[in-house]
Every structure is written in C-alpha cells, then in structure tokens.
>>> print(open('start25.cif').read())   # mmCIF, C-alpha atoms
data_structure
loop_
_atom_site.label_atom_id
_atom_site.label_comp_id
_atom_site.auth_asym_id
_atom_site.auth_seq_id
_atom_site.Cartn_x
_atom_site.Cartn_y
_atom_site.Cartn_z
CA MET A 68 47.46 -11.33 -77.23
CA PRO A 69 47.78 -7.80 -75.77
CA ALA A 70 44.56 -6.13 -74.69
CA SER A 71 43.05 -3.72 -77.16
CA PRO A 72 43.47 -0.08 -76.14
CA PHE A 73 39.80 0.42 -77.01
CA VAL A 74 38.51 -2.19 -74.53
CA GLU A 75 37.13 -0.55 -71.40
CA PRO A 76 37.92 -2.10 -68.00
CA ALA A 77 35.23 -4.40 -66.61
CA PRO A 78 32.52 -2.56 -64.66
CA GLN A 79 32.93 -2.68 -60.91
CA LEU A 80 29.22 -3.27 -60.35
CA PRO A 81 26.78 -5.57 -62.12
CA LEU A 82 25.44 -3.79 -65.19
CA GLU A 83 21.86 -3.61 -63.86
CA ASP A 84 23.07 -1.77 -60.75
CA TYR A 85 24.03 1.27 -62.81
CA ARG A 86 20.39 1.75 -63.76
CA ARG A 87 19.06 0.87 -60.30
CA TYR A 88 21.33 3.24 -58.35
CA GLY A 89 22.05 5.81 -61.07
CA ARG A 90 20.08 8.63 -59.43
CA GLN A 91 22.35 8.61 -56.38
CA MET A 92 25.57 7.70 -58.21
CA ILE A 93 25.45 10.93 -60.26
CA LEU A 94 25.49 13.04 -57.10
CA ASP A 95 28.65 15.08 -56.56
CA GLY A 96 30.76 13.46 -53.87
CA PHE A 97 28.93 10.12 -54.16
CA GLY A 98 29.75 8.62 -57.55
CA LEU A 99 30.65 5.06 -58.39
CA GLY A 100 32.96 4.90 -55.37
CA GLY A 101 30.12 5.66 -52.97
CA GLN A 102 27.94 2.94 -54.44
CA ILE A 103 30.74 0.40 -54.20
CA LYS A 104 31.23 1.32 -50.54
CA LEU A 105 27.56 0.67 -49.87
CA HIS A 106 27.69 -2.60 -51.77
CA GLN A 107 30.62 -3.74 -49.65
CA ALA A 108 29.13 -2.47 -46.37
CA SER A 109 27.20 -4.33 -43.70
CA VAL A 110 24.66 -2.78 -41.34
CA VAL A 111 22.73 -4.40 -38.50
CA VAL A 112 19.38 -2.97 -37.44
CA VAL A 113 18.25 -3.85 -33.91
CA GLY A 114 14.48 -3.56 -33.81
CA ALA A 115 12.21 -4.09 -36.83
CA GLY A 116 9.42 -1.87 -35.56
CA GLY A 117 8.35 1.72 -36.16
CA LEU A 118 11.93 3.00 -36.58
CA GLY A 119 13.49 -0.15 -37.98
CA CYS A 120 11.02 -0.67 -40.82
CA PRO A 121 11.61 2.64 -42.66
CA ALA A 122 15.33 2.46 -41.91
CA LEU A 123 15.55 -1.06 -43.35
CA GLN A 124 13.50 -0.07 -46.37
CA TYR A 125 15.83 2.75 -47.36
CA LEU A 126 19.02 0.90 -46.48
CA ALA A 127 17.95 -1.91 -48.81
CA ALA A 128 16.86 0.50 -51.53
CA ALA A 129 20.21 2.31 -51.32
CA GLY A 130 22.10 -0.93 -52.00
CA ILE A 131 23.70 -1.87 -48.68
CA GLY A 132 25.40 -5.20 -49.34
CA THR A 133 24.51 -7.04 -46.12
CA ILE A 134 21.76 -6.16 -43.66
CA GLY A 135 21.23 -7.86 -40.31
CA ILE A 136 17.89 -7.67 -38.50
CA VAL A 137 17.63 -8.47 -34.79
CA ASP A 138 14.14 -8.62 -33.28
CA HIS A 139 12.44 -11.26 -31.13
CA ASP A 140 8.88 -9.87 -31.31
CA THR A 141 6.09 -10.96 -33.63
CA VAL A 142 3.90 -8.78 -35.85
CA GLU A 143 0.66 -7.56 -34.25
CA MET A 144 -2.25 -5.71 -35.79
CA SER A 145 -1.44 -2.61 -33.71
CA ASN A 146 2.01 -2.47 -35.38
CA LEU A 147 0.69 -1.86 -38.89
CA GLN A 148 -0.11 1.81 -38.25
CA ARG A 149 3.62 2.64 -38.38
CA GLN A 150 5.70 -0.50 -39.06
CA VAL A 151 5.45 -0.25 -42.81
CA LEU A 152 7.33 -3.42 -43.84
CA HIS A 153 4.81 -5.70 -42.15
CA THR A 154 1.44 -6.66 -43.61
CA GLU A 155 -1.90 -8.03 -42.47
CA ALA A 156 -0.95 -11.40 -43.97
CA ARG A 157 2.14 -11.58 -41.73
CA VAL A 158 0.45 -10.86 -38.39
CA GLY A 159 1.85 -13.44 -35.97
CA VAL A 160 5.10 -13.85 -37.93
CA PRO A 161 8.42 -12.91 -36.24
CA LYS A 162 9.21 -9.32 -37.14
CA ALA A 163 12.75 -10.14 -38.25
CA LEU A 164 11.45 -12.70 -40.76
CA SER A 165 8.63 -10.44 -41.94
CA ALA A 166 11.03 -7.55 -42.52
CA ALA A 167 13.51 -9.83 -44.28
CA GLU A 168 10.78 -11.01 -46.65
CA ALA A 169 9.82 -7.41 -47.46
CA ILE A 170 13.44 -6.46 -48.12
CA LYS A 171 13.98 -9.38 -50.49
CA GLN A 172 10.92 -8.27 -52.45
CA LEU A 173 12.34 -4.76 -52.66
CA ASN A 174 15.95 -5.64 -53.50
CA SER A 175 16.79 -9.29 -54.11
CA ARG A 176 20.51 -8.54 -54.35
CA VAL A 177 20.78 -7.55 -50.67
CA LYS A 178 21.99 -10.26 -48.31
CA VAL A 179 19.59 -10.31 -45.36
CA LYS A 180 20.40 -12.04 -42.08
CA PRO A 181 17.39 -12.10 -39.72
CA VAL A 182 17.82 -13.04 -36.06
CA THR A 183 14.71 -13.89 -34.05
CA ASP A 184 16.53 -14.10 -30.71
CA ALA A 185 16.42 -11.27 -28.19
CA LEU A 186 19.57 -9.17 -27.97
CA THR A 187 21.18 -9.74 -24.56
CA ALA A 188 24.43 -8.99 -22.79
CA ALA A 189 25.44 -12.60 -23.46
CA ASN A 190 25.05 -12.49 -27.26
CA ALA A 191 25.39 -8.80 -28.21
CA LEU A 192 29.10 -8.92 -29.06
CA GLU A 193 28.74 -12.06 -31.16
CA LEU A 194 25.67 -10.82 -33.06
CA LEU A 195 26.91 -7.31 -33.78
CA ALA A 196 30.65 -7.84 -34.36
CA PRO A 197 30.35 -8.85 -38.06
CA TYR A 198 28.81 -5.51 -39.08
CA ASP A 199 30.34 -2.14 -39.95
CA LEU A 200 27.61 -0.04 -38.38
CA ILE A 201 24.77 -0.51 -35.86
CA LEU A 202 21.30 1.06 -35.90
CA ASP A 203 19.46 1.29 -32.60
CA CYS A 204 15.76 1.15 -33.49
CA THR A 205 14.62 -0.15 -30.10
CA ASP A 206 12.27 1.39 -27.54
CA ASN A 207 13.71 0.45 -24.14
CA LEU A 208 16.54 1.86 -22.05
CA PRO A 209 18.34 -1.37 -21.05
CA THR A 210 18.88 -2.24 -24.71
CA ARG A 211 20.03 1.30 -25.50
CA TYR A 212 22.75 1.11 -22.84
CA LEU A 213 23.71 -2.38 -24.00
CA LEU A 214 23.98 -1.27 -27.63
CA SER A 215 26.03 1.79 -26.72
CA ASP A 216 28.47 -0.19 -24.59
CA THR A 217 28.78 -2.84 -27.31
CA ALA A 218 29.40 -0.21 -30.00
CA VAL A 219 32.21 1.27 -27.91
CA ARG A 220 33.71 -2.15 -27.27
CA LEU A 221 33.60 -3.03 -30.98
CA GLY A 222 34.67 0.42 -32.17
CA LYS A 223 31.59 0.91 -34.36
CA PRO A 224 29.24 3.88 -34.85
CA LEU A 225 25.76 3.56 -33.35
CA VAL A 226 22.97 5.47 -35.11
CA SER A 227 20.25 5.80 -32.50
CA GLY A 228 16.66 6.93 -33.00
CA ALA A 229 13.70 7.48 -30.70
CA ALA A 230 10.09 8.48 -31.34
CA GLN A 231 7.08 9.05 -29.11
CA GLN A 232 3.82 10.93 -29.52
CA PHE A 233 4.60 13.80 -31.95
CA GLU A 234 8.34 13.99 -31.30
CA GLY A 235 11.54 12.18 -32.18
CA GLN A 236 15.32 12.29 -31.70
CA LEU A 237 18.33 11.20 -33.71
CA CYS A 238 21.93 10.86 -32.56
CA THR A 239 25.01 8.94 -33.66
CA TYR A 240 27.06 7.71 -30.71
CA ASN A 241 30.71 6.70 -30.89
CA LEU A 242 30.88 8.66 -34.15
CA PRO A 243 34.29 8.64 -35.85
CA LEU A 244 35.47 12.25 -35.82
CA LYS A 245 37.22 13.79 -38.78
CA SER A 246 40.69 15.30 -38.67
CA ASP A 247 41.13 18.94 -37.79
CA PRO A 248 41.54 20.88 -41.08
CA ALA A 249 44.28 22.87 -39.37
CA GLY A 250 46.35 19.71 -39.40
CA SER A 251 46.40 18.52 -35.79
CA ALA A 252 48.84 15.67 -35.19
CA GLU A 253 46.43 14.00 -32.77
CA GLU A 254 44.15 11.17 -33.80
CA PRO A 255 40.64 12.52 -34.35
CA GLY A 256 39.07 9.94 -32.02
CA ARG A 257 35.33 9.43 -31.58
CA GLY A 258 32.31 11.29 -30.30
CA PRO A 259 30.48 10.63 -27.02
CA CYS A 260 28.55 7.45 -26.25
CA PHE A 261 25.05 7.15 -24.81
CA ARG A 262 26.41 6.94 -21.25
CA CYS A 263 28.27 10.22 -21.71
CA LEU A 264 24.97 12.01 -22.24
CA PHE A 265 22.82 9.92 -19.92
CA PRO A 266 25.00 8.46 -17.14
CA LYS A 267 21.97 7.63 -14.99
CA PRO A 268 18.73 6.22 -16.41
CA PRO A 269 15.34 7.47 -15.24
CA ALA A 270 13.08 5.23 -13.16
CA PRO A 271 11.24 2.60 -15.25
CA GLU A 272 7.89 4.19 -14.34
CA MET A 273 9.03 7.41 -16.02
CA ALA A 274 9.99 5.77 -19.30
CA GLY A 275 6.63 5.53 -21.04
CA SER A 276 6.10 3.47 -24.17
CA CYS A 277 4.19 4.14 -27.38
CA GLU A 278 1.46 1.82 -26.14
CA GLU A 279 0.90 4.04 -23.13
CA LEU A 280 1.57 7.49 -24.61
CA GLY A 281 0.83 6.99 -28.29
CA VAL A 282 2.84 7.85 -31.41
CA LEU A 283 2.05 9.27 -34.83
CA GLY A 284 3.18 6.71 -37.39
CA ALA A 285 4.75 9.26 -39.73
CA VAL A 286 6.99 10.48 -36.88
CA THR A 287 8.64 7.07 -36.64
CA GLY A 288 8.97 7.20 -40.43
CA VAL A 289 10.81 10.52 -40.29
CA ILE A 290 13.28 9.33 -37.65
CA GLY A 291 13.79 5.89 -39.24
CA ASN A 292 14.51 7.46 -42.61
CA LEU A 293 16.97 9.85 -41.00
CA GLN A 294 18.73 6.89 -39.39
CA ALA A 295 19.13 5.29 -42.81
CA LEU A 296 20.40 8.59 -44.19
CA GLU A 297 22.99 8.92 -41.43
CA ALA A 298 24.14 5.36 -42.06
CA VAL A 299 24.61 6.05 -45.77
CA LYS A 300 26.50 9.28 -45.01
CA ILE A 301 28.85 7.54 -42.59
CA LEU A 302 29.51 4.58 -44.87
CA THR A 303 30.27 6.80 -47.86
CA GLY A 304 32.25 9.41 -45.89
CA LEU A 305 29.75 12.21 -46.57
CA TYR A 306 29.13 13.02 -42.89
CA ASP A 307 30.73 16.08 -41.28
CA GLY A 308 32.22 14.30 -38.26
CA LYS A 309 30.57 16.63 -35.74
CA PRO A 310 28.42 14.82 -33.13
CA SER A 311 25.01 16.40 -32.61
CA LEU A 312 21.55 15.60 -31.31
CA LEU A 313 18.72 16.25 -33.76
CA MET A 314 15.30 16.87 -32.24
CA PHE A 315 12.12 16.68 -34.29
CA SER A 316 8.63 17.92 -33.45
CA ALA A 317 5.84 17.22 -35.89
CA LEU A 318 3.88 20.16 -34.48
CA GLY A 319 6.82 22.54 -34.07
CA MET A 320 7.88 25.30 -36.42
CA PRO A 321 10.56 24.82 -37.48
CA PRO A 322 10.18 21.06 -36.91
CA PHE A 323 13.93 20.35 -36.56
CA ARG A 324 16.42 21.61 -34.00
CA SER A 325 20.04 20.49 -33.70
CA VAL A 326 22.18 20.62 -30.56
CA LYS A 327 25.96 20.27 -30.67
CA LEU A 328 27.17 17.54 -28.34
CA ARG A 329 30.02 17.80 -25.90
CA SER A 330 33.09 15.65 -26.34
CA ARG A 331 33.54 12.35 -24.55
CA ARG A 332 33.55 12.48 -20.77
CA ALA A 333 36.91 11.37 -19.47
CA ALA A 334 35.18 9.74 -16.50
CA CYS A 335 32.61 7.87 -18.60
CA PRO A 336 32.64 4.21 -17.46
CA ALA A 337 32.10 3.06 -21.03
CA CYS A 338 34.18 5.21 -23.38
CA GLY A 339 36.25 7.25 -20.91
CA VAL A 340 39.85 6.79 -19.87
CA GLU A 341 39.17 3.73 -17.73
CA GLY A 342 36.20 2.30 -19.63
CA GLU A 343 35.36 -0.35 -17.05
CA THR A 344 31.83 -1.09 -18.26
CA VAL A 345 32.68 -2.19 -21.81
CA GLY A 346 35.03 -4.79 -20.42
CA LYS A 347 32.20 -6.32 -18.39
CA ILE A 348 29.33 -6.30 -20.87
CA GLU A 349 28.65 -10.02 -20.50
CA GLU A 350 28.50 -9.63 -16.71
CA THR A 351 26.29 -6.53 -16.62
CA ASP A 352 22.62 -6.73 -15.73
CA TYR A 353 21.29 -3.87 -17.86
CA VAL A 354 17.72 -4.27 -16.65
CA ALA A 355 18.84 -3.92 -13.02
CA PHE A 356 21.02 -0.93 -13.94
CA CYS A 357 17.91 0.77 -15.35
CA GLY A 358 15.93 0.13 -12.17
CA GLY A 359 14.28 -3.16 -13.05
CA GLU A 360 11.76 -4.33 -15.59
CA ARG A 361 9.43 -1.84 -17.20
CA PRO A 362 6.14 -2.02 -15.28
CA ASP A 363 3.57 -4.46 -16.69
CA TRP A 364 0.61 -2.11 -16.51
CA VAL A 365 -1.82 -4.74 -17.76
CA ALA A 366 -0.87 -7.12 -14.92
CA ARG A 367 -0.91 -4.33 -12.34
CA GLY A 368 -4.37 -3.29 -13.43
CA LEU A 369 -5.65 -6.84 -12.90
CA VAL A 370 -4.61 -7.11 -9.25
CA GLU A 371 -7.73 -8.12 -7.34
CA GLY A 372 -7.47 -5.80 -4.34
CA THR A 373 -10.06 -5.87 -1.57
CA GLU A 374 -13.84 -6.16 -1.92
CA ASP A 375 -14.39 -2.59 -0.76
CA SER A 376 -11.85 -1.13 -3.23
CA ARG A 377 -12.30 -2.91 -6.58
CA ILE A 378 -15.09 -4.36 -8.69
CA ARG A 379 -15.05 -6.86 -11.57
CA ALA A 380 -16.43 -6.02 -15.00
CA LYS A 381 -19.42 -8.38 -14.77
CA GLU A 382 -20.30 -7.01 -11.33
CA LEU A 383 -20.20 -3.48 -12.74
CA LYS A 384 -22.52 -4.57 -15.55
CA MET A 385 -25.03 -5.91 -13.01
CA ALA A 386 -24.85 -2.64 -11.07
CA LEU A 387 -25.48 -0.62 -14.21
CA ASP A 388 -28.47 -2.77 -15.10
CA ASP A 389 -30.17 -1.76 -11.84
CA ALA A 390 -32.18 1.23 -13.06
CA GLU A 391 -33.29 2.27 -9.56
CA ARG A 392 -29.85 2.36 -8.00
CA ARG A 393 -27.67 3.10 -11.02
CA PRO A 394 -24.16 4.13 -9.83
CA ARG A 395 -22.10 6.98 -11.15
CA ILE A 396 -19.22 6.06 -13.51
CA LEU A 397 -16.18 8.30 -13.22
CA ASP A 398 -13.82 7.90 -16.20
CA VAL A 399 -10.33 9.27 -15.41
CA ARG A 400 -8.73 8.78 -18.84
CA PRO A 401 -7.49 11.81 -20.84
CA ARG A 402 -10.26 13.60 -22.72
CA THR A 403 -8.92 12.39 -26.07
CA GLU A 404 -9.27 8.76 -25.01
CA PHE A 405 -12.70 9.44 -23.51
CA GLY A 406 -13.72 10.77 -26.91
CA ILE A 407 -12.65 7.51 -28.58
CA CYS A 408 -15.03 5.39 -26.52
CA HIS A 409 -16.67 5.35 -23.10
CA ILE A 410 -19.43 3.68 -21.13
CA PRO A 411 -22.67 5.58 -21.79
CA GLY A 412 -23.56 7.97 -19.00
CA SER A 413 -20.05 8.15 -17.55
CA THR A 414 -18.43 11.40 -16.43
CA ASN A 415 -14.91 12.31 -17.55
CA VAL A 416 -12.45 13.85 -15.07
CA PRO A 417 -8.85 13.22 -16.25
CA ILE A 418 -6.61 11.71 -13.58
CA LYS A 419 -4.22 14.68 -13.51
CA GLU A 420 -7.08 17.05 -12.74
CA LEU A 421 -8.52 14.75 -10.11
CA LEU A 422 -5.21 14.24 -8.31
CA SER A 423 -4.54 17.97 -8.18
CA ASN A 424 -8.14 18.71 -7.15
CA PRO A 425 -10.05 15.71 -5.73
CA ASP A 426 -13.15 17.90 -5.46
CA ALA A 427 -13.38 17.70 -9.27
CA GLY A 428 -14.64 14.14 -8.86
CA TRP A 429 -16.72 14.80 -5.77
CA THR A 430 -20.25 13.48 -5.41
CA ALA A 431 -22.74 13.08 -2.60
CA ASP A 432 -21.56 10.54 -0.03
CA GLU A 433 -24.67 8.43 -0.50
CA GLU A 434 -23.98 8.01 -4.23
CA THR A 435 -22.12 4.88 -5.34
CA VAL A 436 -19.13 5.73 -7.57
CA TYR A 437 -17.16 3.35 -9.77
CA VAL A 438 -13.96 4.71 -11.28
CA VAL A 439 -12.71 3.41 -14.65
CA CYS A 440 -9.64 3.94 -16.80
CA ARG A 441 -7.98 2.12 -19.68
CA LEU A 442 -6.19 -0.71 -17.82
CA GLY A 443 -7.13 -0.30 -14.17
CA ASN A 444 -4.12 1.61 -12.83
CA ASP A 445 -5.03 5.30 -12.81
CA SER A 446 -8.42 4.34 -11.44
CA GLN A 447 -6.76 2.93 -8.31
CA LEU A 448 -4.94 6.23 -7.79
CA ALA A 449 -8.23 8.07 -8.22
CA VAL A 450 -9.99 5.96 -5.58
CA ASP A 451 -7.16 6.61 -3.10
CA ALA A 452 -7.30 10.34 -3.83
CA LEU A 453 -11.07 10.52 -3.29
CA ARG A 454 -10.89 8.60 -0.02
CA ASN A 455 -7.94 10.62 1.26
CA ALA A 456 -9.93 13.76 0.51
CA GLY A 457 -12.75 12.52 2.78
CA ARG A 458 -15.08 10.83 0.29
CA LYS A 459 -17.41 8.47 2.17
CA GLY A 460 -19.67 5.72 0.93
CA VAL A 461 -19.03 3.25 -1.86
CA VAL A 462 -16.17 4.19 -4.15
CA LYS A 463 -14.44 1.43 -6.12
CA ASP A 464 -12.53 1.05 -9.35
CA LEU A 465 -12.81 -1.43 -12.21
CA VAL A 466 -10.32 -4.33 -12.19
CA GLY A 467 -8.52 -4.41 -15.54
CA GLY A 468 -10.13 -1.18 -16.68
CA LEU A 469 -12.11 -0.78 -19.87
CA ARG A 470 -10.04 -3.45 -21.57
CA ALA A 471 -11.53 -5.97 -19.14
CA TRP A 472 -14.98 -4.46 -19.81
CA ALA A 473 -14.49 -5.15 -23.55
CA GLN A 474 -13.23 -8.68 -22.97
CA GLU A 475 -15.73 -9.78 -20.31
CA VAL A 476 -18.89 -7.77 -20.93
CA ASP A 477 -19.14 -5.92 -24.24
CA GLU A 478 -17.23 -7.39 -27.20
CA SER A 479 -18.26 -4.41 -29.32
CA PHE A 480 -16.42 -2.00 -27.01
CA PRO A 481 -13.20 -0.81 -28.77
CA ILE A 482 -9.78 -1.92 -27.52
CA TYR A 483 -7.02 0.48 -28.55
#
>>> encode(input="start25.cif", output="structure tokens")
Amino acid sequence: MPASPFVEPAPQLPLEDYRRYGRQMILDGFGLGGQIKLHQASVVVVGAGGLGCPALQYLAAAGIGTIGIVDHDTVEMSNLQRQVLHTEARVGVPKALSAAEAIKQLNSRVKVKPVTDALTAANALELLAPYDLILDCTDNLPTRYLLSDTAVRLGKPLVSGAAQQFEGQLCTYNLPLKSDPAGSAEEPGRGPCFRCLFPKPPAPEMAGSCEELGVLGAVTGVIGNLQALEAVKILTGLYDGKPSLLMFSALGMPPFRSVKLRSRRAACPACGVEGETVGKIEETDYVAFCGGERPDWVARGLVEGTEDSRIRAKELKMALDDAERRPRILDVRPRTEFGICHIPGSTNVPIKELLSNPDAGWTADEETVYVVCRLGNDSQLAVDALRNAGRKGVVKDLVGGLRAWAQEVDESFPIY
C-alpha cells in the first residue's frame, strides 16, 4: 500500500529529546541538524577535576552521544570546593567512576566510558583514537604535551583549559580552519598545536599547582564551561575557525581578553613540515622532556637535615612549653595563610620579604629562633638566608612544617 501523503516522516530523534533539547534546537544555526550532530558525536575528557567536572556536566546536558572520561585519581575532600560532580559520599572513589555516575544521573541516554588508568605515551593513541574531539582538563605539563602531540597525530581538535588562583586560559589546538571566503584553492588546514606556542617547557619548580598556589572554585567552573561550549561549537560547525587564546581574570575588568594566535610553525617538531615528534609518541619520555617529575614538596619538607638546622614537631612543642626559655617562632608563610591559622605568639615575615631583606627576620643572637612554614620547604630557605646574613646562635626550621605540627602535636590545628 502506498504511503499516505499526510504521514510525516519518522522523527530523527527520540520523541522525548525534542522536549529535553528544545531550548537549544530552536536557536538559529543550530536546529535539528545540530542536535543530531551532538547525538552522533563522541568526546573524551582527560581529567575529571576542577575543569573536567563542569565540562562533563554541560557536555552531557547538551546531549553528546558518547563521552569518555580518563582520570586515575580518586576523590578527596579538598576536591569538593571546585569539582562539582563529586560528592562527600564518593570520597575515595576513582574520579572517572564518580563523574560517570553523576553524568548518568543527569542524562541517562549518554553513553559514558570511564577509564581509571593514567594516560601515558604507551596508551594515549589507543584511548583517544575512538573520539571525535579531545578536552584537556589536566593540570600538568607532560600530559599537555602528550595530548597535543596525540591530537596532531590523530587529526583531532584539542580544547585545552587551565586555571590557577583567580585566572584561567582557554585555547583550541589543532583547530580545523575554515575556508577563505575569497575562495582560496588551498586546503584550509589546521591551527597551531601546543608545541607551536610553547616549544620549551618551564622548569618543574616553576610550574606551581593549585595545591601550592590556590584556586577559586568558580574560576575552574568558568573555564570548564567554556571548554564544553567550544566543543559544542566545533561539533556543530558554529565556530569561526580562527585560533585564539582566551584569557580570563576573575578580578580583571573586563574579565576576558582574547589574543589571536599565529599560524603553525613550519619548524614545529609536532605539527610542522617534518613532524618528527608525533611519529615517536610511544617512545617519548614526556616527563623527562619537561625537566623531570614535579617536585614532591611534602617529601622535601620532611627531609631530616642536621641537628643544628632542623627540629621535629614534638621537640618544638617541648621548647614552647618551657616558659623561662620560650623561643621565638618565625612564620614565613604569606600573610593570607598566616591569617588562616598560626602557632600562638609567632611572628609573620613572608618568605619573599625575608629573602630580599634578611634583616626583616633579625633577632638578638642569644635568642633561639625556630622558623615554620606550611610544609617545611620555605622555612629551610629562610634559615639559610638568616645564617648567610650573619645570624648567630640557634636558628632551626620545623621538619614537615605546620602540617607535621597538626599531625604530631595538635590535632585541632587546621590542615589546608
């Protein structure tokens, strides 16, 4: 029997999806076609932390068909200030599994593929190849270079975000360029990769983390949401095809500033003419390329040292209990951290001030001075600076810093 002319063609999405995604489907330039593209698309998010959580949340809400999550860490209490997919009940759970559970609660139609293994040069190509687009939501340089090289090798866009303190950055590397409206016969090609902009990484000591420098949770939310937005724009064809670096400052006015990026460097070892690096991803030691492992400041602060240079927390407690010979406590943390908590009676001289002017921490030579900081690293620098400036007498620093004080002496002392 011939089809009735009054019978409409079958909908291209499940009926309930029209109500779920209707607010974005009615946008000019988006429409039903844009929603179908998202439904058929696959995105992998590397890092389910401060950037990855908001990005994953909005990718799932937008209706991305398949979402991969790669993260080998577990949820900690300190994460909950900014990693909004995780909960108190899931502390100790692998982040990839925690985020996957949250996504399924938000949108059960999304296919979620969590991976609890660490991304390495040995598995990056295999893990990322099945996806259309990659989101870099990590916080370390070796992984950033690895992701960029892998994106070039696979021919996929890499939406990269970064956030620290009050500031953040957003950039899409290996971005597919759009054709010249004048009608150039040349292929449009792609934008620069991470190595084009940063051919040489800084020393590991210079690449501070959120744990050391701090971060406002909402800043990671802004950048993570922008990463999801860029992914949706690329997948639906709504992006302008012009590579740029977006910089965000929560305290700036205006808060956003965009910088146009240069084209690919012909000599770039990853995406340039020769492109040697991308052919050797599996053989590349990205940690060594970036100058080695990021310093373990906790372990460094616990180094015993000599008897005349360092003191243990319980020994410091005994010294403080001696009312007749009570020593001076010099706290070299930033003033903000000193205001959070400090040993009663201590004096605050931030390490930067002390290093530039050792006299700022000067006391009479006969006075015993114990220097403290958060983990026991800056305090060692302070002791060296005081001695090099001619300070005589007893001057030592606290092994493990105030974290050791909280763990070994005073359980009520805050750890942050």
>>> resolve_selection(input="start25.cif", expression="the PyMOL selection byres ((chain A and resi 151-167) around 9)", output="NGL selection string")
:A and (114-117 or 120-121 or 123-124 or 135-144 or 146-150 or 168-172 or 179-183 or 288)
>>> closest_atom_pairs(input="start25.cif", of="stretch 332-450 of chain A", to="stretch 201-220 of chain A", cutoff="12 Å", atoms="all atoms listed in the file", output="CSV")
residue,atom,partner,partner_atom,distance
A:Cys335,CA,A:Asp216,CA,10.9
A:Pro336,CA,A:Asp216,CA,9.4
A:Ala337,CA,A:Asp216,CA,6.0
A:Cys338,CA,A:Val219,CA,6.3
A:Gly339,CA,A:Val219,CA,10.1
A:Gly342,CA,A:Arg220,CA,9.2
A:Glu343,CA,A:Asp216,CA,10.2
A:Thr344,CA,A:Asp216,CA,7.2
A:Val345,CA,A:Asp216,CA,5.4
A:Gly346,CA,A:Arg220,CA,7.5
A:Lys347,CA,A:Asp216,CA,9.5
A:Ile348,CA,A:Asp216,CA,7.2
A:Glu349,CA,A:Leu213,CA,9.7
A:Glu350,CA,A:Leu213,CA,11.3
A:Thr351,CA,A:Leu213,CA,8.9
A:Asp352,CA,A:Pro209,CA,8.7
A:Tyr353,CA,A:Pro209,CA,5.0
A:Val354,CA,A:Pro209,CA,5.3
A:Ala355,CA,A:Pro209,CA,8.4
A:Phe356,CA,A:Pro209,CA,7.6
A:Cys357,CA,A:Pro209,CA,6.1
A:Gly358,CA,A:Pro209,CA,9.3
A:Gly359,CA,A:Pro209,CA,9.1
A:Glu360,CA,A:Pro209,CA,9.0
A:Arg361,CA,A:Asn207,CA,8.5
A:Pro362,CA,A:Asn207,CA,11.9
>>> residues_around(input="start25.cif", residues="A:Tyr240", least_positions_apart="2", cutoff="8 Å", atoms="all atoms listed in the file", output="CSV table (one decimal) with C-alpha atoms, keeping the file's coordinate frame")
chain,number,residue,atom,x,y,z
A,215,SER,CA,26.0,1.8,-26.7
A,224,PRO,CA,29.2,3.9,-34.8
A,225,LEU,CA,25.8,3.6,-33.4
A,226,VAL,CA,23.0,5.5,-35.1
A,227,SER,CA,20.2,5.8,-32.5
A,238,CYS,CA,21.9,10.9,-32.6
A,242,LEU,CA,30.9,8.7,-34.2
A,258,GLY,CA,32.3,11.3,-30.3
A,259,PRO,CA,30.5,10.6,-27.0
A,260,CYS,CA,28.6,7.4,-26.2
A,261,PHE,CA,25.0,7.2,-24.8
A,310,PRO,CA,28.4,14.8,-33.1
>>> closest_residue(input="start25.cif", among="A:Gly235, A:Leu80, A:Thr287, A:Asp451", to="A:Gly100", atoms="all atoms listed in the file")
A:Leu80
>>> closest_residue(input="start25.cif", among="A:Pro322, A:Leu313, A:Gly443, A:Val476", to="A:Leu383", atoms="all atoms listed in the file")
A:Val476
>>> closest_residue(input="start25.cif", among="A:Leu369, A:Val110, A:Met273, A:Ala285", to="A:Asp199", atoms="all atoms listed in the file")
A:Val110
>>> resolve_selection(input="start25.cif", expression="the PyMOL selection byres ((chain A and resi 275) around 12)", output="PyMOL selection string")
chain A and resi 206-208+230-232+269-274+276-282+361-364
>>> closest_residue(input="start25.cif", among="A:Val450, A:Ala333, A:Ile482, A:Leu318", to="A:Ser376", atoms="all atoms listed in the file")
A:Val450
>>> resolve_selection(input="start25.cif", expression="the PyMOL selection byres ((chain A and resi 463-468) around 10)", output="PyMOL selection string")
chain A and resi 364-383+396-398+435-451+460-462+469-474
>>> closest_residue(input="start25.cif", among="A:Thr239, A:Thr303, A:Ser145, A:Ser175", to="A:Leu99", atoms="all atoms listed in the file")
A:Thr303
>>> atom_distance(input="start25.cif", atom1="atom CA of A:Leu422", atom2="atom CA of A:Leu283")
27.9 Å
>>> atom_distance(input="start25.cif", atom1="atom CA of A:Lys267", atom2="atom CA of A:Leu195")
24.5 Å
>>> atom_distance(input="start25.cif", atom1="atom CA of A:Asp84", atom2="atom CA of A:Arg176")
9.7 Å
>>> closest_residue(input="start25.cif", among="A:Ile93, A:Leu194, A:Leu237, A:Leu221", to="A:Val113", atoms="only C-alpha atoms")
A:Leu194
>>> residues_around(input="start25.cif", residues="A:Gly132", least_positions_apart="5", cutoff="8 Å", atoms="only C-alpha atoms", output="PyMOL selection string")
chain A and resi 105-109+176-178
>>> write_last_selection(input="start25.cif", atoms="C-alpha atoms", output="compact mmCIF listing (two decimals), in the frame of the given file")
# COMPACT_ATOMS: atom_id res chain seq x y z
CA LEU A 105 27.56 0.67 -49.87
CA HIS A 106 27.69 -2.60 -51.77
CA GLN A 107 30.62 -3.74 -49.65
CA ALA A 108 29.13 -2.47 -46.37
CA SER A 109 27.20 -4.33 -43.70
CA ARG A 176 20.51 -8.54 -54.35
CA VAL A 177 20.78 -7.55 -50.67
CA LYS A 178 21.99 -10.26 -48.31
>>> residues_near_point(input="start25.cif", point="(17.5, 20.7, -33.1)", cutoff="10 Å", atoms="all atoms listed in the file", output="list in words")
Gln236, Leu237, Ser311, Leu312, Leu313, Met314, Phe315, Ser316, Pro321, Pro322, Phe323, Arg324, Ser325, Val326 and Lys327 of chain A
